[in-house]
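Text of the file my_file-v3.tsv, holding TSV, C-alpha atoms:
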chain	number	residue	atom	x	y	z
A	1	MET	CA	83.02	88.99	90.71
A	2	ASP	CA	85.31	86.55	88.86
A	3	LEU	CA	88.65	88.33	88.52
A	4	TYR	CA	89.77	86.21	85.57
A	5	GLU	CA	86.74	86.19	83.29
A	6	PRO	CA	87.43	89.71	81.90
A	7	PHE	CA	90.87	88.56	80.73
A	8	ILE	CA	90.02	85.11	79.36
A	9	GLN	CA	89.99	85.20	75.56
A	10	SER	CA	89.38	81.53	74.66
A	11	ASP	CA	88.24	78.13	75.93
A	12	ARG	CA	91.88	77.04	76.03
A	13	GLN	CA	92.71	79.90	78.40
A	14	ARG	CA	89.72	79.06	80.58
A	15	LYS	CA	90.99	75.48	80.93
A	16	LEU	CA	94.47	76.71	81.76
A	17	VAL	CA	93.11	79.01	84.47
A	18	GLU	CA	91.00	76.16	85.85
A	19	LEU	CA	94.12	73.97	86.01
A	20	ALA	CA	96.02	76.66	87.91
A	21	ALA	CA	93.03	77.35	90.17
A	22	GLY	CA	92.67	73.71	91.15
A	23	LEU	CA	96.32	73.52	92.13
A	24	ALA	CA	96.26	76.92	93.87
A	25	ASP	CA	93.33	75.96	96.08
A	26	VAL	CA	95.14	72.83	97.25
A	27	PHE	CA	98.38	74.73	97.85
A	28	ALA	CA	96.57	77.42	99.85
A	29	GLY	CA	95.42	74.80	102.33
A	30	ARG	CA	99.02	73.79	103.01
A	31	GLY	CA	100.47	77.29	103.16
A	32	GLU	CA	100.31	77.95	106.89
A	33	ALA	CA	101.85	74.61	107.85
A	34	TYR	CA	104.73	74.91	105.40
A	35	ASP	CA	105.40	78.46	106.54
A	36	ARG	CA	105.24	77.67	110.24
A	37	GLU	CA	107.44	74.58	109.91
A	38	GLU	CA	109.77	76.31	107.44
A	39	ALA	CA	109.51	73.21	105.28
A	40	PHE	CA	110.08	72.85	101.56
A	41	PRO	CA	106.74	72.24	99.77
A	42	TYR	CA	107.57	68.88	98.17
A	43	GLU	CA	103.87	68.00	97.94
A	44	ASN	CA	103.17	71.09	95.86
A	45	PHE	CA	105.88	70.27	93.34
A	46	ASN	CA	104.77	66.66	93.13
A	47	ASP	CA	101.25	67.89	92.36
A	48	LEU	CA	102.62	70.20	89.67
A	49	LYS	CA	104.46	67.28	88.12
A	50	LYS	CA	101.40	65.03	88.14
A	51	SER	CA	99.29	67.73	86.49
A	52	GLY	CA	101.73	68.31	83.63
A	53	TYR	CA	102.04	71.98	84.59
A	54	GLY	CA	105.79	71.99	84.00
A	55	ALA	CA	105.36	71.06	80.32
A	56	LEU	CA	103.02	73.92	79.44
A	57	SER	CA	105.66	76.15	77.86
A	58	ILE	CA	107.56	73.60	75.76
A	59	PRO	CA	106.81	73.13	72.04
A	60	LYS	CA	103.74	71.15	71.03
A	61	GLU	CA	105.84	68.80	68.91
A	62	TYR	CA	107.70	67.75	72.06
A	63	GLY	CA	104.61	67.18	74.20
A	64	GLY	CA	103.94	70.67	75.53
A	65	GLU	CA	101.24	73.31	75.12
A	66	GLU	CA	103.51	76.13	73.91
A	67	ILE	CA	101.59	78.68	75.99
A	68	SER	CA	101.74	82.35	75.08
A	69	LEU	CA	103.15	85.05	77.35
A	70	TYR	CA	99.60	86.22	78.05
A	71	GLU	CA	98.59	82.72	79.14
A	72	PHE	CA	101.77	82.40	81.18
A	73	VAL	CA	101.13	85.50	83.30
A	74	MET	CA	97.49	84.52	83.74
A	75	ILE	CA	98.15	81.05	85.14
A	76	GLN	CA	101.07	82.24	87.25
A	77	GLU	CA	98.96	84.97	88.80
A	78	ARG	CA	96.26	82.43	89.65
A	79	LEU	CA	98.74	79.90	91.03
A	80	ALA	CA	100.44	82.54	93.20
A	81	ALA	CA	97.14	83.41	94.85
A	82	GLY	CA	97.37	79.93	96.35
A	83	ASP	CA	101.08	79.76	97.14
A	84	ALA	CA	103.48	82.45	96.01
A	85	ALA	CA	106.72	80.59	96.65
A	86	THR	CA	105.67	77.55	94.65
A	87	ALA	CA	104.39	79.76	91.83
A	88	LEU	CA	107.56	81.84	91.64
A	89	SER	CA	109.70	78.70	91.57
A	90	ILE	CA	107.82	76.92	88.81
A	91	GLY	CA	107.67	80.26	87.00
A	92	TRP	CA	111.45	80.20	86.56
A	93	HIS	CA	111.21	76.71	85.05
A	94	LEU	CA	108.39	77.64	82.67
A	95	GLY	CA	110.01	80.93	81.75
A	96	VAL	CA	113.36	79.41	80.84
A	97	LEU	CA	111.59	76.93	78.58
A	98	MET	CA	109.37	79.62	77.07
A	99	GLU	CA	112.43	81.63	76.05
A	100	LEU	CA	114.12	78.57	74.54
A	101	THR	CA	110.93	77.65	72.70
A	102	GLU	CA	110.69	81.15	71.20
A	103	THR	CA	114.34	81.59	70.25
A	104	ARG	CA	115.34	77.99	69.39
A	105	SER	CA	118.88	79.17	70.09
A	106	TRP	CA	120.18	75.74	71.15
A	107	LYS	CA	121.17	72.85	68.94
A	108	GLU	CA	117.81	71.25	68.26
A	109	GLY	CA	118.91	67.78	69.32
A	110	VAL	CA	119.91	68.96	72.80
A	111	PHE	CA	116.70	70.95	73.21
A	112	LYS	CA	114.60	68.01	72.01
A	113	VAL	CA	116.10	65.64	74.58
A	114	LEU	CA	115.49	68.16	77.39
A	115	CYS	CA	111.88	68.74	76.33
A	116	GLU	CA	111.20	65.02	76.14
A	117	GLU	CA	112.61	64.60	79.66
A	118	ILE	CA	110.21	67.30	80.85
A	119	SER	CA	107.22	65.90	78.97
A	120	ALA	CA	107.81	62.24	79.85
A	121	ASN	CA	109.40	62.48	83.30
A	122	SER	CA	108.33	65.92	84.60
A	123	ALA	CA	111.95	67.06	84.89
A	124	LEU	CA	112.56	70.51	86.39
A	125	ILE	CA	115.11	73.09	85.28
A	126	ASN	CA	116.22	76.56	86.35
A	127	ARG	CA	118.96	79.00	85.51
A	128	ALA	CA	121.69	79.24	88.15
A	129	ALA	CA	123.34	82.59	87.52
A	130	THR	CA	123.50	84.48	90.83
A	131	GLU	CA	126.66	84.29	92.94
A	132	PRO	CA	127.57	85.72	96.37
A	133	ALA	CA	130.36	87.88	94.91
A	134	THR	CA	128.55	89.15	91.82
A	135	GLY	CA	125.03	89.67	93.13
A	136	SER	CA	122.22	89.80	90.61
A	137	PRO	CA	123.37	88.82	87.10
A	138	THR	CA	121.34	91.74	85.74
A	139	ARG	CA	124.03	94.05	87.16
A	140	GLY	CA	126.54	92.63	84.69
A	141	GLY	CA	129.11	90.95	86.93
A	142	LEU	CA	131.21	88.17	85.40
A	143	PRO	CA	130.65	84.76	87.05
A	144	GLU	CA	133.33	83.45	89.39
A	145	THR	CA	132.23	79.96	88.43
A	146	LYS	CA	134.89	78.71	86.02
A	147	ALA	CA	134.62	76.38	83.05
A	148	VAL	CA	138.00	74.91	82.12
A	149	LYS	CA	138.46	73.17	78.79
A	150	ALA	CA	139.23	69.49	79.16
A	151	GLU	CA	139.63	66.59	76.77
A	152	GLY	CA	136.26	66.06	75.11
A	153	GLY	CA	134.49	68.66	77.18
A	154	TRP	CA	134.65	71.01	80.17
A	155	THR	CA	135.26	70.95	83.92
A	156	LEU	CA	132.98	73.21	85.94
A	157	THR	CA	133.69	74.55	89.45
A	158	GLY	CA	131.82	77.19	91.42
A	159	ARG	CA	128.94	78.08	93.69
A	160	LYS	CA	125.56	79.58	92.80
A	161	SER	CA	123.18	81.25	95.23
A	162	PHE	CA	119.43	81.95	94.99
A	163	THR	CA	118.88	78.70	93.07
A	164	SER	CA	115.11	78.38	93.44
A	165	MET	CA	113.76	74.86	94.09
A	166	ALA	CA	117.36	73.56	94.06
A	167	ARG	CA	116.36	70.42	95.97
A	168	MET	CA	113.85	69.48	93.27
A	169	LEU	CA	115.85	70.39	90.18
A	170	ASP	CA	116.90	67.77	87.66
A	171	TYR	CA	118.88	70.25	85.57
A	172	SER	CA	120.43	73.69	85.94
A	173	LEU	CA	121.60	76.16	83.33
A	174	VAL	CA	124.81	77.29	85.01
A	175	SER	CA	126.60	80.48	84.00
A	176	ALA	CA	130.38	80.32	83.99
A	177	THR	CA	133.38	82.24	82.74
A	178	LEU	CA	135.02	80.29	79.93
A	179	ASP	CA	138.64	79.40	80.71
A	180	ASP	CA	140.86	82.50	80.97
A	181	THR	CA	138.58	84.74	78.92
A	182	ASP	CA	136.01	87.39	79.75
A	183	GLU	CA	133.36	85.42	77.90
A	184	LYS	CA	130.37	83.94	79.68
A	185	GLY	CA	128.62	80.74	78.77
A	186	PHE	CA	125.74	78.66	80.09
A	187	PHE	CA	126.10	74.92	80.66
A	188	LEU	CA	123.27	72.41	80.90
A	189	VAL	CA	124.13	70.49	84.06
A	190	ASP	CA	122.43	67.23	85.02
A	191	HIS	CA	122.18	67.18	88.82
A	192	THR	CA	122.97	63.46	88.92
A	193	ARG	CA	126.53	64.18	87.75
A	194	GLU	CA	129.37	63.66	90.20
A	195	GLY	CA	130.41	66.89	91.90
A	196	VAL	CA	126.95	68.48	91.87
A	197	SER	CA	125.41	69.12	95.29
A	198	VAL	CA	122.96	71.42	97.06
A	199	GLU	CA	123.82	73.24	100.28
A	200	GLU	CA	120.69	74.28	102.17
A	201	THR	CA	121.43	77.94	102.85
A	202	TRP	CA	117.95	79.41	102.34
A	203	ASP	CA	116.98	81.02	105.66
A	204	THR	CA	114.63	83.93	104.99
A	205	ILE	CA	111.41	85.44	106.32
A	206	SER	CA	110.01	85.85	102.81
A	207	MET	CA	109.29	83.29	100.07
A	208	LYS	CA	110.53	80.51	102.35
A	209	GLY	CA	109.10	77.81	100.13
A	210	THR	CA	111.25	78.62	97.10
A	211	GLY	CA	114.12	76.78	98.75
A	212	SER	CA	116.58	78.99	96.89
A	213	ASP	CA	119.64	77.21	98.21
A	214	ASP	CA	123.24	77.21	97.00
A	215	LEU	CA	124.16	74.98	94.08
A	216	VAL	CA	127.72	73.71	94.54
A	217	LEU	CA	129.77	72.47	91.59
A	218	LYS	CA	133.11	70.80	92.27
A	219	ASP	CA	135.12	69.60	89.27
A	220	VAL	CA	131.98	68.61	87.39
A	221	SER	CA	132.90	66.93	84.10
A	222	LEU	CA	130.68	67.89	81.18
A	223	PRO	CA	130.68	67.01	77.48
A	224	ASP	CA	131.16	69.67	74.81
A	225	SER	CA	127.42	69.52	74.07
A	226	ALA	CA	126.68	70.82	77.59
A	227	LEU	CA	127.83	74.31	76.55
A	228	VAL	CA	124.47	75.39	75.18
A	229	GLU	CA	124.89	79.18	75.19
A	230	ARG	CA	127.83	81.55	74.93
A	231	ASP	CA	128.05	85.31	74.58
A	232	SER	CA	129.91	85.22	71.27
A	233	ALA	CA	127.26	83.02	69.66
A	234	GLN	CA	124.15	84.92	70.69
A	235	GLY	CA	122.41	86.21	67.58
A	236	LYS	CA	119.59	88.66	67.05
A	237	LYS	CA	117.03	86.44	68.77
A	238	GLY	CA	119.21	86.24	71.86
A	239	ASP	CA	119.12	90.04	72.09
A	240	LEU	CA	115.35	90.22	72.51
A	241	PRO	CA	114.06	91.49	75.87
A	242	LYS	CA	113.32	88.70	78.32
A	243	ALA	CA	109.55	89.03	78.29
A	244	TRP	CA	109.12	85.78	80.21
A	245	LEU	CA	110.29	87.65	83.31
A	246	LEU	CA	106.74	89.00	83.52
A	247	HIS	CA	106.07	85.87	85.55
A	248	ILE	CA	107.63	87.83	88.43
A	249	PRO	CA	105.06	90.67	88.60
A	250	ALA	CA	102.33	88.12	87.81
A	251	CYS	CA	103.32	86.19	90.92
A	252	TYR	CA	103.30	89.22	93.21
A	253	ILE	CA	99.99	90.57	91.98
A	254	GLY	CA	98.71	87.05	92.71
A	255	VAL	CA	99.81	87.55	96.31
A	256	ALA	CA	97.97	90.88	96.32
A	257	ILE	CA	94.80	89.19	95.05
A	258	ALA	CA	95.02	86.67	97.89
A	259	ALA	CA	95.40	89.50	100.41
A	260	ARG	CA	92.55	91.44	98.81
A	261	ASN	CA	90.29	88.38	99.00
A	262	GLU	CA	91.15	87.80	102.65
A	263	ALA	CA	90.49	91.45	103.54
A	264	ILE	CA	87.09	91.39	101.81
A	265	ARG	CA	86.16	88.13	103.54
A	266	PHE	CA	87.14	89.64	106.89
A	267	ALA	CA	85.19	92.84	106.24
A	268	LYS	CA	82.05	90.86	105.43
A	269	GLU	CA	82.30	88.59	108.46
A	270	TYR	CA	83.83	90.62	111.29
A	271	SER	CA	81.17	92.35	113.34
A	272	PRO	CA	82.38	93.96	116.60
A	273	ASN	CA	79.74	94.73	119.22
A	274	SER	CA	80.41	98.44	118.75
A	275	LEU	CA	78.69	98.27	115.35
A	276	PRO	CA	75.20	97.16	114.27
A	277	GLY	CA	76.71	94.95	111.54
A	278	PRO	CA	79.96	93.87	109.89
A	279	ILE	CA	82.73	96.38	109.20
A	280	LYS	CA	82.02	96.23	105.45
A	281	ASP	CA	79.37	98.88	106.12
A	282	VAL	CA	81.89	101.34	107.58
A	283	PRO	CA	82.66	104.11	105.04
A	284	GLU	CA	86.40	104.07	105.78
A	285	VAL	CA	86.58	100.31	105.18
A	286	GLN	CA	84.68	100.76	101.93
A	287	ARG	CA	87.11	103.47	100.89
A	288	LYS	CA	90.08	101.21	101.52
A	289	ILE	CA	88.46	98.37	99.56
A	290	GLY	CA	87.88	100.79	96.69
A	291	GLU	CA	91.53	101.82	96.80
A	292	MET	CA	92.60	98.18	96.58
A	293	GLU	CA	90.32	97.59	93.61
A	294	LEU	CA	91.64	100.66	91.80
A	295	GLU	CA	95.27	99.66	92.34
A	296	LEU	CA	94.52	96.09	91.28
A	297	PHE	CA	92.75	97.26	88.13
A	298	LYS	CA	95.68	99.47	87.16
A	299	ALA	CA	98.30	96.80	87.75
A	300	ARG	CA	96.48	94.01	85.94
A	301	GLN	CA	95.54	96.13	82.94
A	302	ILE	CA	99.19	97.05	82.48
A	303	LEU	CA	100.41	93.48	83.00
A	304	TYR	CA	97.97	91.86	80.60
A	305	SER	CA	98.06	94.54	77.91
A	306	VAL	CA	101.85	94.43	77.59
A	307	ALA	CA	101.85	90.62	77.56
A	308	ASP	CA	99.17	90.69	74.86
A	309	LYS	CA	101.20	93.17	72.80
A	310	TRP	CA	104.24	90.89	72.98
A	311	ASP	CA	102.20	87.97	71.66
A	312	LYS	CA	100.32	89.81	68.93
A	313	GLU	CA	102.95	92.26	67.65
A	314	PRO	CA	106.22	90.29	67.33
A	315	ASP	CA	107.73	92.96	65.09
A	316	LYS	CA	107.76	95.34	68.07
A	317	ARG	CA	109.42	92.98	70.55
A	318	GLN	CA	112.91	94.31	69.93
A	319	HIS	CA	111.84	97.71	71.29
A	320	MET	CA	109.79	96.57	74.30
A	321	ALA	CA	112.50	96.38	76.97
A	322	ALA	CA	111.41	99.59	78.72
A	323	GLU	CA	107.74	98.57	78.64
A	324	LEU	CA	108.48	95.15	80.12
A	325	ALA	CA	110.67	96.63	82.83
A	326	SER	CA	108.02	99.24	83.64
A	327	VAL	CA	105.43	96.51	84.11
A	328	LYS	CA	107.60	94.86	86.73
A	329	HIS	CA	108.13	98.14	88.60
A	330	ILE	CA	104.48	99.20	88.51
A	331	VAL	CA	102.92	95.83	89.28
A	332	THR	CA	105.21	94.75	92.12
A	333	ASN	CA	104.89	98.13	93.83
A	334	SER	CA	101.11	98.05	93.36
A	335	ALA	CA	101.06	94.56	94.86
A	336	PHE	CA	102.89	95.79	97.93
A	337	GLN	CA	100.46	98.70	98.29
A	338	ILE	CA	97.41	96.41	97.97
A	339	VAL	CA	98.71	94.06	100.66
A	340	ASP	CA	99.45	97.01	102.93
A	341	THR	CA	95.90	98.34	102.48
A	342	ALA	CA	94.44	94.88	103.05
A	343	MET	CA	96.29	94.65	106.36
A	344	ARG	CA	94.93	98.04	107.42
A	345	ILE	CA	91.41	96.72	106.83
A	346	VAL	CA	92.02	93.60	108.92
A	347	GLY	CA	93.94	95.53	111.57
A	348	ALA	CA	96.07	93.97	114.30
A	349	LYS	CA	94.58	90.53	113.62
A	350	SER	CA	96.62	90.52	110.39
A	351	LEU	CA	99.80	90.25	112.47
A	352	PHE	CA	98.88	86.92	114.05
A	353	ARG	CA	100.73	83.86	112.75
A	354	SER	CA	97.33	82.22	112.27
A	355	SER	CA	96.42	84.88	109.70
A	356	PRO	CA	97.62	84.37	106.12
A	357	MET	CA	97.93	88.15	105.85
A	358	GLN	CA	101.28	88.29	107.62
A	359	ARG	CA	102.64	85.71	105.16
A	360	TYR	CA	101.35	87.72	102.21
A	361	TYR	CA	103.06	90.79	103.63
A	362	ARG	CA	106.40	89.01	103.96
A	363	ASP	CA	106.16	87.34	100.57
A	364	VAL	CA	105.15	90.43	98.61
A	365	ARG	CA	108.24	92.26	99.88
A	366	ALA	CA	110.46	89.89	97.91
A	367	GLY	CA	109.18	91.30	94.64
A	368	LEU	CA	111.14	94.48	95.19
A	369	HIS	CA	114.36	92.45	95.01
A	370	ASN	CA	113.60	90.41	91.90
A	371	PRO	CA	114.96	91.70	88.57
A	372	PRO	CA	114.85	94.25	87.18
A	373	MET	CA	115.33	96.36	90.30
A	374	ASP	CA	113.45	99.64	90.63
A	375	ASP	CA	116.51	101.85	90.17
A	376	MET	CA	117.44	100.07	86.93
A	377	VAL	CA	113.93	100.57	85.56
A	378	ILE	CA	113.93	104.28	86.40
A	379	GLY	CA	117.38	104.67	84.87
A	380	MET	CA	116.28	102.88	81.70
A	381	LEU	CA	113.23	105.11	81.31
A	382	SER	CA	115.28	108.25	81.91
A	383	LYS	CA	117.89	107.20	79.36
A	384	GLN	CA	115.19	106.46	76.81
A	385	ALA	CA	113.49	109.82	77.34
A	386	LEU	CA	116.76	111.73	77.02
A	387	SER	CA	118.01	109.87	73.94
Translate the structure described by the file into structure tokens.
Amino acid sequence: MDLYEPFIQSDRQRKLVELAAGLADVFAGRGEAYDREEAFPYENFNDLKKSGYGALSIPKEYGGEEISLYEFVMIQERLAAGDAATALSIGWHLGVLMELTETRSWKEGVFKVLCEEISANSALINRAATEPATGSPTRGGLPETKAVKAEGGWTLTGRKSFTSMARMLDYSLVSATLDDTDEKGFFLVDHTREGVSVEETWDTISMKGTGSDDLVLKDVSLPDSALVERDSAQGKKGDLPKAWLLHIPACYIGVAIAARNEAIRFAKEYSPNSLPGPIKDVPEVQRKIGEMELELFKARQILYSVADKWDKEPDKRQHMAAELASVKHIVTNSAFQIVDTAMRIVGAKSLFRSSPMQRYYRDVRAGLHNPPMDDMVIGMLSKQALS
């Protein structure tokens, strides 16, 4: 059964899924080698650039496709079934641009130049907000990265961690504390500027291919126009929930789909001499497959329905924070459960380095540590219920 056909609503969406599928299939063939060699997947990102994938979420007038949230989660889910780390990384890029396209909170001239760089030259961007001392920016810590006012601009100094695809980035949106205030701002930093460097610190067992290294900024001189966002200037649109973060659960349910597919393939083909046929005929294996399908159905229905609501009911967006956070909690935990069940079907063979299952298991764990964290979601729901 085609897992995407029930969710495709138009020919445009079918073409988008086909684009993601073509890339995902190529990436899947490289996955084991990249994982074993602990290498950054440069080929994958070059393929994304050639395909125009990175321009999908920018405005049509600037050369993009201006994809909807529903389309975003669909293509990211499909891409992640091929390579989760690559999908998560490009998801940050697309998500940042989707938010900027929706809010138009920047000066239009600055945004236009960035979009044209992405459309014409396949430039890549990500937010750099996490720091060793502050942890996740969703916890509210003030950045230790400092922006000091200088003649005609700013001087930026600091270090950012968890900067996904840092080695491939052309630009970063860097959070910093403004001078001697408690105000935070974001600066658009061109990585070719003097004082910008990447320190390869990413040494993990999960999502190795994101290359989420440290971004180091040492006395980086920036013009006034580089300060593109600041707390005091964020209006009503800036207060909307960050729906684009649904690319996170979309990625991890994509990992679960890959594990589910591998478990079903194994069940159809593996035939020990203790049985008259393949293990797919064993009732317990069938039960486990049914459990995977049920969990997958639940997670995807929730993911796609909330994304669809965001697109079709913009007047309700202001009040969707709890729904969006709940999707992340439900879907990432379902993804972990599906991968666990898939490994139980495959058995000890799933632990071999030659099996993609062990990689799916390691990668899906990372979803528990992406924002918003489970405890924050539960707290938000409790507060809402008690208000």
*Nearest to Val174 of chain A: which of A:Asp190, A:Glu262, A:Glu200, A:Glu284 is it, counting only C-alpha atoms?*
A:Asp190
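In this structure, atom CA of Leu173 of chain A sits 4.8 Å away from atom CA of Leu188 of chain A.
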*Ile338 of chain A: which residues within 9 Å, counting all atoms listed in the file, same-chain residues fewer than 2 positions away excluded, as an NGL selection string?*
:A and (253 or 256-257 or 259-260 or 291-293 or 295-296 or 333-336 or 340-343)
Mind dumping a table of every segment 197-273 of chain A residue within 10 Å of segment 146-154 of chain A, with the nearest atom pair and its distance in Å to one decimal, using all atoms listed in the file, sorted by chain and rising number, as a tab-separated table?
residue	atom	partner	partner_atom	distance
A:Leu217	CA	A:Lys146	CA	9.8
A:Asp219	CA	A:Ala147	CA	9.2
A:Val220	CA	A:Trp154	CA	8.1
A:Ser221	CA	A:Trp154	CA	5.9
A:Leu222	CA	A:Trp154	CA	5.1
A:Pro223	CA	A:Gly153	CA	4.2
A:Asp224	CA	A:Gly153	CA	4.2
A:Ser225	CA	A:Gly153	CA	7.8
A:Ala226	CA	A:Gly153	CA	8.1
A:Leu227	CA	A:Trp154	CA	8.4
Only C-alpha atoms, please: the residues just picked out, written as a short mmCIF file (atom, residue, chain, number, x, y, z; two decimals), keeping the file's coordinate frame.
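Output file out_19.cif is given in full below:
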data_model
loop_
_atom_site.label_atom_id
_atom_site.label_comp_id
_atom_site.auth_asym_id
_atom_site.auth_seq_id
_atom_site.Cartn_x
_atom_site.Cartn_y
_atom_site.Cartn_z
CA LEU A 217 129.77 72.47 91.59
CA ASP A 219 135.12 69.60 89.27
CA VAL A 220 131.98 68.61 87.39
CA SER A 221 132.90 66.93 84.10
CA LEU A 222 130.68 67.89 81.18
CA PRO A 223 130.68 67.01 77.48
CA ASP A 224 131.16 69.67 74.81
CA SER A 225 127.42 69.52 74.07
CA ALA A 226 126.68 70.82 77.59
CA LEU A 227 127.83 74.31 76.55
#
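Using only C-alpha atoms, the smallest distance between any of A:Leu215, A:Cys251, A:Ile75, A:Val198 and Ala366 of chain A comes from A:Cys251.
Atom CA of Gly82 of chain A to atom CA of Arg36 of chain A spans 16.1 Å [interatomic distance, one decimal].
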*Check the smallest atom-to-atom distance from each of A:Met380, A:Leu94, A:Leu114, A:Ala21 to Ala322 of chain A using only C-alpha atoms, then report the winner.*
A:Met380
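Minimum atom-to-atom distances from A:Ala166, A:Leu351, A:Ala250, A:Ile58 to Ala299 of chain A were compared using all atoms listed in the file, and the lowest value belongs to A:Ala250.
Residue nearest Ser105 of chain A, chosen from A:Pro314, A:Glu229, A:Pro241, A:Gln301 and counting all atoms listed in the file: A:Glu229.
Residues with any atom within 9 Å of Thr101 of chain A, counting all atoms listed in the file and excluding same-chain neighbours fewer than 5 positions away, are Ser57, Ile58, Pro59, Glu66, Val96 and Phe111 of chain A.
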For the residues selected in the previous step, produce a file with C-alpha atoms as a CSV table (one decimal), in the frame of the given file.
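Done, and the output landed in again.csv:
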chain,number,residue,atom,x,y,z
A,57,SER,CA,105.7,76.2,77.9
A,58,ILE,CA,107.6,73.6,75.8
A,59,PRO,CA,106.8,73.1,72.0
A,66,GLU,CA,103.5,76.1,73.9
A,96,VAL,CA,113.4,79.4,80.8
A,111,PHE,CA,116.7,71.0,73.2
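Between atom CA of His247 of chain A and atom CA of Gln76 of chain A there is a distance of 6.4 Å.
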_Residue neighbourhood segment 272-279 of chain A, 12 Å, only C-alpha atoms, exclusion window fewer than 4 positions, as a count of residues only_ = 16
*asked:* With all atoms listed in the file as the counted atoms, please give the residues lying no more than 10 Å from Asp311 of chain A, apart from itself and same-chain residues fewer than 6 positions off, as a PyMOL selection string.
replied: chain A and resi 68-71+243+305+317
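Shell of Glu323 of chain A at 10 Å, with all atoms listed in the file counted and residues fewer than 3 places along the chain excluded, is A:Pro241, A:Ala243, A:Ile302, A:Leu303, A:Val306, A:Ala307, A:Arg317, A:His319, A:Met320, A:Ser326, A:Val327, A:Lys328, A:His329, A:Val377, A:Leu381.
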Box dimensions and centre (Å, one decimal) enclosing segment 62-79 of chain A, axis-aligned, 6 Å extra per side, as AutoDock Vina command-line options:
--center_x 102.0 --center_y 76.7 --center_z 81.5 --size_x 23.4 --size_y 31.0 --size_z 31.0
